[in-house]
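A.B. asks: What follows is a structure written as C-alpha cells; I'll ask about it next.
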Amino acid sequence: MSTTSTTALSAGARAVITGLGAVTPNGLDLATTWASVLAGRSGIRTLESVDVSDITVKVGGEVRGFDPLAHVSKTDARRLDRHALYAVAAAAEALEGFAAADPSRFGITVATGSGAVSLTHDAVRALDAHGPRRVPPGVVIYGGPDGAAAYLSQRHGARGPSAGVSATCASGTVGLGDALRAIRHGYADAVLVVGGDDCLNRVNLGVNATLGSLAAGFADEPWRASRPFDRARSGFVMSAGAVAVLVESEEHARQRGAAVLGELAGYGVTSDAFHATAPRPDGSGAAAAMQAALDDARLSPADVDHVNAHGTGTPLNDAMEAQALATVFGAALPGAPVTSTKSTTGHLLGAAGTLEAALSLMALREQVIPPTINLDDPEFPQLDVVAHEARPARLRTVLSNSFGFGGHNAAIVLRTV
C-alpha cells in the first residue's frame, strides 16, 4: 500500500476507542488482565482441561474460573462455542453504558482465527457415536466464524453490518482496521470488534506440536515457556480468550458523553505471498504493513514512542520482525522501545490483535510500557526490548503488530487524544 493511497484514506471521520473488555488467561476482565501483564505475572500454566499425555506440548494459557452462566442462559451456554462465550463476556464489559444513537449504524465484527472449534469437534463426536439425528442443530447457526457476531448483534440490537473476520493470528488487527475504515468513511457510527479464539484441544495442540511451532516441555515451570526475542525461544504458547474493543466516530462518542480512551489512527495490511507457515525472512511484507499504518496515520517512524510487537517467541517470527522493524525505523529504532506482551499472556491467536491493542491503550493512558518477561539472553541488540520489569515512559503513539500463518500482516497505530 503506497503512501499516496493511505494518505487519501486518512480523510474523513476520526475513529476513537471508548470501550474495552477482556477474558484472558491473566484475568476475567480488562483491569485484572492489565494488572497481571504490567506486573509481569504470567497467565501460562500446565494444561488441565485437555489430555496432553501423548503430546509434547504441556503448557498453555487457559481461561480459568469463567462461568458462562453469569453471562448467558443454560440453553445458550450449550449452543455456543467457548470462544463465543468469552466474546459475550468481553463485549458486555466493552459496551457498558453504550447506546447507539442509530442502531442501523452500529456494527459488530468478531475476529477469529479458527472459529467454533469446540462446537464443531463436539458435533463430530456426536455424529460418530450416535448418528446424524443427534448432532445439535445449533452447529449450523453458531458453527461458522460469523456465529458469535450474529449472536452479539441480536443481543445488543446492532442493526448495522455484523460479520466474522478471519486472517489467522492477524484477525483481531484486521478487524480493527476494517472498523477504522468503516468509521472514517461514514459507513458506521460505532463498530464493536471482538477477537476470540479457543484452540486448546487435542487436534490443534497436536498439529501445532507436530509442526514444531509450539514451545514444548516446561511442565514444571510453565511461566518460562513464552520467550520472545530470547535466544532460547522454542515456539509460541497457545492461549484462549476474547478481547473486545469499541470503536466510534469522535462525533458520536462526544455526543453521548463517552470517555475517549485513545484514537485508532492508522492501519496497514499486506500479504507475504511466500509460504503457508513461514514468514518472508527479510520481513518485507511485515515492514510494508507497518509503513502503511504509519502513512495512514500521517506519521513518521520518529513519531512512534513504543512498539507492541507480534513477538511470538518462534525462531522465525522474532528474527523476521526484528529485521522488519529495523527496515521501517532505521535510525529511529532506538527511540521506540519494544515489548511482547505474549510473554505473559501467551498467544491468543485471532484475539491477539485486539488484546494487544487494548494493552497498548492502557500503556498510553498510564504512561508505562509493560515488560517482556523471560528475556534472559536477548538475541537482537538493535531492539530496545523492555525486559523483566515495566518501564515508565512518555507515550503519545504506539504501533501494534500482528502477523499470521498464511502470510497475513497487519499493523495499527494508536495514539492519545
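Starting from 1 in every chain, residues are counted up; chains themselves are A, B, ... following the order of the C-alpha cells, and ligands are numbered from 1 as listed.
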Write out as a PDB file with C-alpha atoms, in the first residue's frame which residues come within 7 Å of range 14-19 of chain A when counting only C-alpha atoms, dropping same-chain ones fewer than 3 positions away.

C.D. replies:
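Ended up saving to part-v7.pdb:
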```
ATOM      1  CA  ALA A  94     -16.723  -3.040  26.497  1.00  0.00           C
ATOM      2  CA  LEU A  95     -20.323  -1.935  25.878  1.00  0.00           C
ATOM      3  CA  LEU A 180     -11.360   2.213  11.334  1.00  0.00           C
ATOM      4  CA  ILE A 183     -15.890   4.865  10.744  1.00  0.00           C
ATOM      5  CA  ARG A 184     -13.583   7.025   8.672  1.00  0.00           C
ATOM      6  CA  VAL A 245     -12.712  -3.010  21.520  1.00  0.00           C
ATOM      7  CA  LEU A 246     -15.441  -0.429  20.858  1.00  0.00           C
ATOM      8  CA  VAL A 247     -14.531   1.935  18.014  1.00  0.00           C
ATOM      9  CA  GLU A 248     -16.659   5.045  17.427  1.00  0.00           C
ATOM     10  CA  SER A 249     -16.552   8.181  15.399  1.00  0.00           C
ATOM     11  CA  GLU A 250     -15.324  11.022  17.577  1.00  0.00           C
ATOM     12  CA  ALA A 258     -18.329   8.943  26.361  1.00  0.00           C
ATOM     13  CA  ALA A 259     -14.850   8.908  27.843  1.00  0.00           C
ATOM     14  CA  VAL A 260     -12.366   8.537  24.980  1.00  0.00           C
ATOM     15  CA  LEU A 261      -9.530   6.112  25.716  1.00  0.00           C
ATOM     16  CA  GLY A 262      -7.469   6.840  22.625  1.00  0.00           C
ATOM     17  CA  GLU A 263      -7.508   7.217  18.858  1.00  0.00           C
ATOM     18  CA  LEU A 264      -7.237   4.451  16.282  1.00  0.00           C
ATOM     19  CA  ALA A 265      -5.208   6.485  13.860  1.00  0.00           C
TER      20      ALA A 265
END
```

A.B. asks: I need the helix (DSSP H, G or I) residues of range 167-313 of chain A per DSSP on the backbone, written as an NGL selection string.

C.D. replies: :A and (171-184 or 202-211 or 222-224 or 250-255 or 284-296 or 301-303)

A.B. asks: Tell me which of A:Ala390, A:Ala188, A:Val269, A:Leu383 sits closest to Pro370 in chain A, counting only C-alpha atoms.

C.D. replies: A:Ala390

A.B. asks: Could you check which of A:Ala31, A:Leu127, A:Ala99, A:Leu395 is closest to Ala358 in chain A, using only C-alpha atoms?

C.D. replies: A:Ala31

A.B. asks: Just the residues within 7 Å of Val413 in chain A, please, counting only C-alpha atoms, with nothing from its chain fewer than 4 positions along; format it as a VMD selection string.

C.D. replies: chain A and resid 264 to 267 293 to 294 297 397 to 400

A.B. asks: DSSP on the backbone, then: every residue of range 170-268 of chain A marked strand (DSSP E or B), written as a PyMOL selection string.

C.D. replies: chain A and resi 190-197+214+217+230+236+238-239+241-249+262-268

A.B. asks: Limited to N, CA and C atoms, could you put the picked residues into a file as a PDB file, in the first residue's frame?

C.D. replies:
```
ATOM      1  N   ALA A 190     -20.417   3.389  15.005  1.00  0.00           N
ATOM      2  CA  ALA A 190     -19.722   2.591  16.013  1.00  0.00           C
ATOM      3  C   ALA A 190     -19.594   1.158  15.516  1.00  0.00           C
ATOM      4  N   VAL A 191     -18.457   0.553  15.817  1.00  0.00           N
ATOM      5  CA  VAL A 191     -18.223  -0.857  15.488  1.00  0.00           C
ATOM      6  C   VAL A 191     -17.571  -1.516  16.698  1.00  0.00           C
ATOM      7  N   LEU A 192     -18.197  -2.576  17.189  1.00  0.00           N
ATOM      8  CA  LEU A 192     -17.589  -3.376  18.242  1.00  0.00           C
ATOM      9  C   LEU A 192     -16.774  -4.482  17.581  1.00  0.00           C
ATOM     10  N   VAL A 193     -15.484  -4.525  17.880  1.00  0.00           N
ATOM     11  CA  VAL A 193     -14.609  -5.562  17.348  1.00  0.00           C
ATOM     12  C   VAL A 193     -14.221  -6.482  18.501  1.00  0.00           C
ATOM     13  N   VAL A 194     -14.575  -7.753  18.375  1.00  0.00           N
ATOM     14  CA  VAL A 194     -14.236  -8.737  19.397  1.00  0.00           C
ATOM     15  C   VAL A 194     -13.344  -9.795  18.761  1.00  0.00           C
ATOM     16  N   GLY A 195     -12.120  -9.917  19.258  1.00  0.00           N
ATOM     17  CA  GLY A 195     -11.251 -11.011  18.848  1.00  0.00           C
ATOM     18  C   GLY A 195     -11.444 -12.171  19.800  1.00  0.00           C
ATOM     19  N   GLY A 196     -11.601 -13.378  19.273  1.00  0.00           N
ATOM     20  CA  GLY A 196     -11.816 -14.519  20.150  1.00  0.00           C
ATOM     21  C   GLY A 196     -11.336 -15.824  19.537  1.00  0.00           C
ATOM     22  N   ASP A 197     -10.704 -16.662  20.331  1.00  0.00           N
ATOM     23  CA  ASP A 197     -10.294 -17.998  19.901  1.00  0.00           C
ATOM     24  C   ASP A 197     -10.124 -18.887  21.116  1.00  0.00           C
ATOM     25  N   LEU A 214       5.060 -24.766  18.556  1.00  0.00           N
ATOM     26  CA  LEU A 214       4.769 -24.511  19.969  1.00  0.00           C
ATOM     27  C   LEU A 214       5.965 -24.841  20.854  1.00  0.00           C
ATOM     28  N   GLY A 217       7.543 -28.963  26.375  1.00  0.00           N
ATOM     29  CA  GLY A 217       8.068 -29.134  27.718  1.00  0.00           C
ATOM     30  C   GLY A 217       7.567 -28.069  28.681  1.00  0.00           C
ATOM     31  N   ASP A 230      14.268 -13.974  22.889  1.00  0.00           N
ATOM     32  CA  ASP A 230      15.347 -14.612  23.643  1.00  0.00           C
ATOM     33  C   ASP A 230      15.992 -15.704  22.791  1.00  0.00           C
ATOM     34  N   PHE A 236       5.788 -20.628  20.195  1.00  0.00           N
ATOM     35  CA  PHE A 236       4.811 -19.823  20.922  1.00  0.00           C
ATOM     36  C   PHE A 236       4.011 -20.696  21.881  1.00  0.00           C
ATOM     37  N   MET A 238       0.211 -21.419  23.109  1.00  0.00           N
ATOM     38  CA  MET A 238      -1.171 -21.190  22.691  1.00  0.00           C
ATOM     39  C   MET A 238      -2.041 -20.825  23.889  1.00  0.00           C
ATOM     40  N   SER A 239      -2.861 -19.796  23.699  1.00  0.00           N
ATOM     41  CA  SER A 239      -3.770 -19.344  24.750  1.00  0.00           C
ATOM     42  C   SER A 239      -5.171 -19.172  24.185  1.00  0.00           C
ATOM     43  N   GLY A 241      -9.166 -17.054  24.786  1.00  0.00           N
ATOM     44  CA  GLY A 241      -9.809 -15.885  25.356  1.00  0.00           C
ATOM     45  C   GLY A 241     -10.472 -15.020  24.315  1.00  0.00           C
ATOM     46  N   ALA A 242     -10.952 -13.889  24.763  1.00  0.00           N
ATOM     47  CA  ALA A 242     -11.585 -12.916  23.873  1.00  0.00           C
ATOM     48  C   ALA A 242     -11.365 -11.518  24.434  1.00  0.00           C
ATOM     49  N   VAL A 243     -11.188 -10.557  23.530  1.00  0.00           N
ATOM     50  CA  VAL A 243     -10.997  -9.158  23.916  1.00  0.00           C
ATOM     51  C   VAL A 243     -11.828  -8.289  22.980  1.00  0.00           C
ATOM     52  N   ALA A 244     -12.581  -7.377  23.557  1.00  0.00           N
ATOM     53  CA  ALA A 244     -13.481  -6.514  22.797  1.00  0.00           C
ATOM     54  C   ALA A 244     -12.992  -5.072  22.816  1.00  0.00           C
ATOM     55  N   VAL A 245     -13.114  -4.404  21.672  1.00  0.00           N
ATOM     56  CA  VAL A 245     -12.712  -3.010  21.520  1.00  0.00           C
ATOM     57  C   VAL A 245     -13.843  -2.273  20.818  1.00  0.00           C
ATOM     58  N   LEU A 246     -14.368  -1.229  21.449  1.00  0.00           N
ATOM     59  CA  LEU A 246     -15.441  -0.429  20.858  1.00  0.00           C
ATOM     60  C   LEU A 246     -14.843   0.779  20.154  1.00  0.00           C
ATOM     61  N   VAL A 247     -15.047   0.847  18.843  1.00  0.00           N
ATOM     62  CA  VAL A 247     -14.531   1.935  18.014  1.00  0.00           C
ATOM     63  C   VAL A 247     -15.713   2.807  17.594  1.00  0.00           C
ATOM     64  N   GLU A 248     -15.588   4.110  17.791  1.00  0.00           N
ATOM     65  CA  GLU A 248     -16.659   5.045  17.427  1.00  0.00           C
ATOM     66  C   GLU A 248     -16.090   6.218  16.648  1.00  0.00           C
ATOM     67  N   SER A 249     -16.960   6.888  15.924  1.00  0.00           N
ATOM     68  CA  SER A 249     -16.552   8.181  15.399  1.00  0.00           C
ATOM     69  C   SER A 249     -16.431   9.141  16.576  1.00  0.00           C
ATOM     70  N   GLY A 262      -8.551   6.618  23.566  1.00  0.00           N
ATOM     71  CA  GLY A 262      -7.469   6.840  22.625  1.00  0.00           C
ATOM     72  C   GLY A 262      -8.003   6.852  21.213  1.00  0.00           C
ATOM     73  N   GLU A 263      -7.127   7.163  20.271  1.00  0.00           N
ATOM     74  CA  GLU A 263      -7.508   7.217  18.858  1.00  0.00           C
ATOM     75  C   GLU A 263      -6.913   6.031  18.107  1.00  0.00           C
ATOM     76  N   LEU A 264      -7.713   5.428  17.249  1.00  0.00           N
ATOM     77  CA  LEU A 264      -7.237   4.451  16.282  1.00  0.00           C
ATOM     78  C   LEU A 264      -6.917   5.235  15.020  1.00  0.00           C
ATOM     79  N   ALA A 265      -5.623   5.453  14.804  1.00  0.00           N
ATOM     80  CA  ALA A 265      -5.208   6.485  13.860  1.00  0.00           C
ATOM     81  C   ALA A 265      -4.710   5.963  12.524  1.00  0.00           C
ATOM     82  N   GLY A 266      -4.286   4.707  12.446  1.00  0.00           N
ATOM     83  CA  GLY A 266      -3.722   4.213  11.196  1.00  0.00           C
ATOM     84  C   GLY A 266      -3.780   2.708  11.105  1.00  0.00           C
ATOM     85  N   TYR A 267      -3.794   2.210   9.868  1.00  0.00           N
ATOM     86  CA  TYR A 267      -3.914   0.775   9.618  1.00  0.00           C
ATOM     87  C   TYR A 267      -3.194   0.430   8.339  1.00  0.00           C
ATOM     88  N   GLY A 268      -2.441  -0.665   8.387  1.00  0.00           N
ATOM     89  CA  GLY A 268      -1.798  -1.201   7.195  1.00  0.00           C
ATOM     90  C   GLY A 268      -1.931  -2.704   7.161  1.00  0.00           C
TER      91      GLY A 268
END
```

A.B. asks: Residues at most 8 Å from range 161-169 of chain A, counting only C-alpha atoms, excluding those fewer than 5 positions away in the same chain, as a PyMOL selection string?

C.D. replies: chain A and resi 106-114+145-150+153+174-175+348-353+402-406+408

A.B. asks: Looking at A:Pro103, A:Gly40, A:Pro222, A:Pro392, which one is nearest to Ala158 in chain A, with distances taken over only C-alpha atoms?

C.D. replies: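 Counting only C-alpha atoms, the residue closest to Ala158 in chain A is A:Pro103.
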
A.B. asks: Need to verify the contact set: range 135-139 of chain A, 6 Å, only C-alpha atoms, exclusion of same-chain residues closer than 3 positions in sequence. Can you return it as a list in words?

C.D. replies: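 Here the answer would be Arg79, Ala123, Ala126, Leu127, Pro132, Tyr142 and Gly143 of chain A.
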
A.B. asks: Kindly indicate which residue among A:Leu119, A:Ala101, A:Glu356, A:Ala179 lies nearest to Leu85 in chain A, using only C-alpha atoms for the distances.

C.D. replies: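 That would be A:Leu119, the residue with the smallest distance to Leu85 in chain A.
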
A.B. asks: I need the residue nearest Gly115 in chain A from this list: A:Val328, A:Cys199, A:Arg134, A:Glu48. Use only C-alpha atoms for the distance.

C.D. replies: A:Cys199
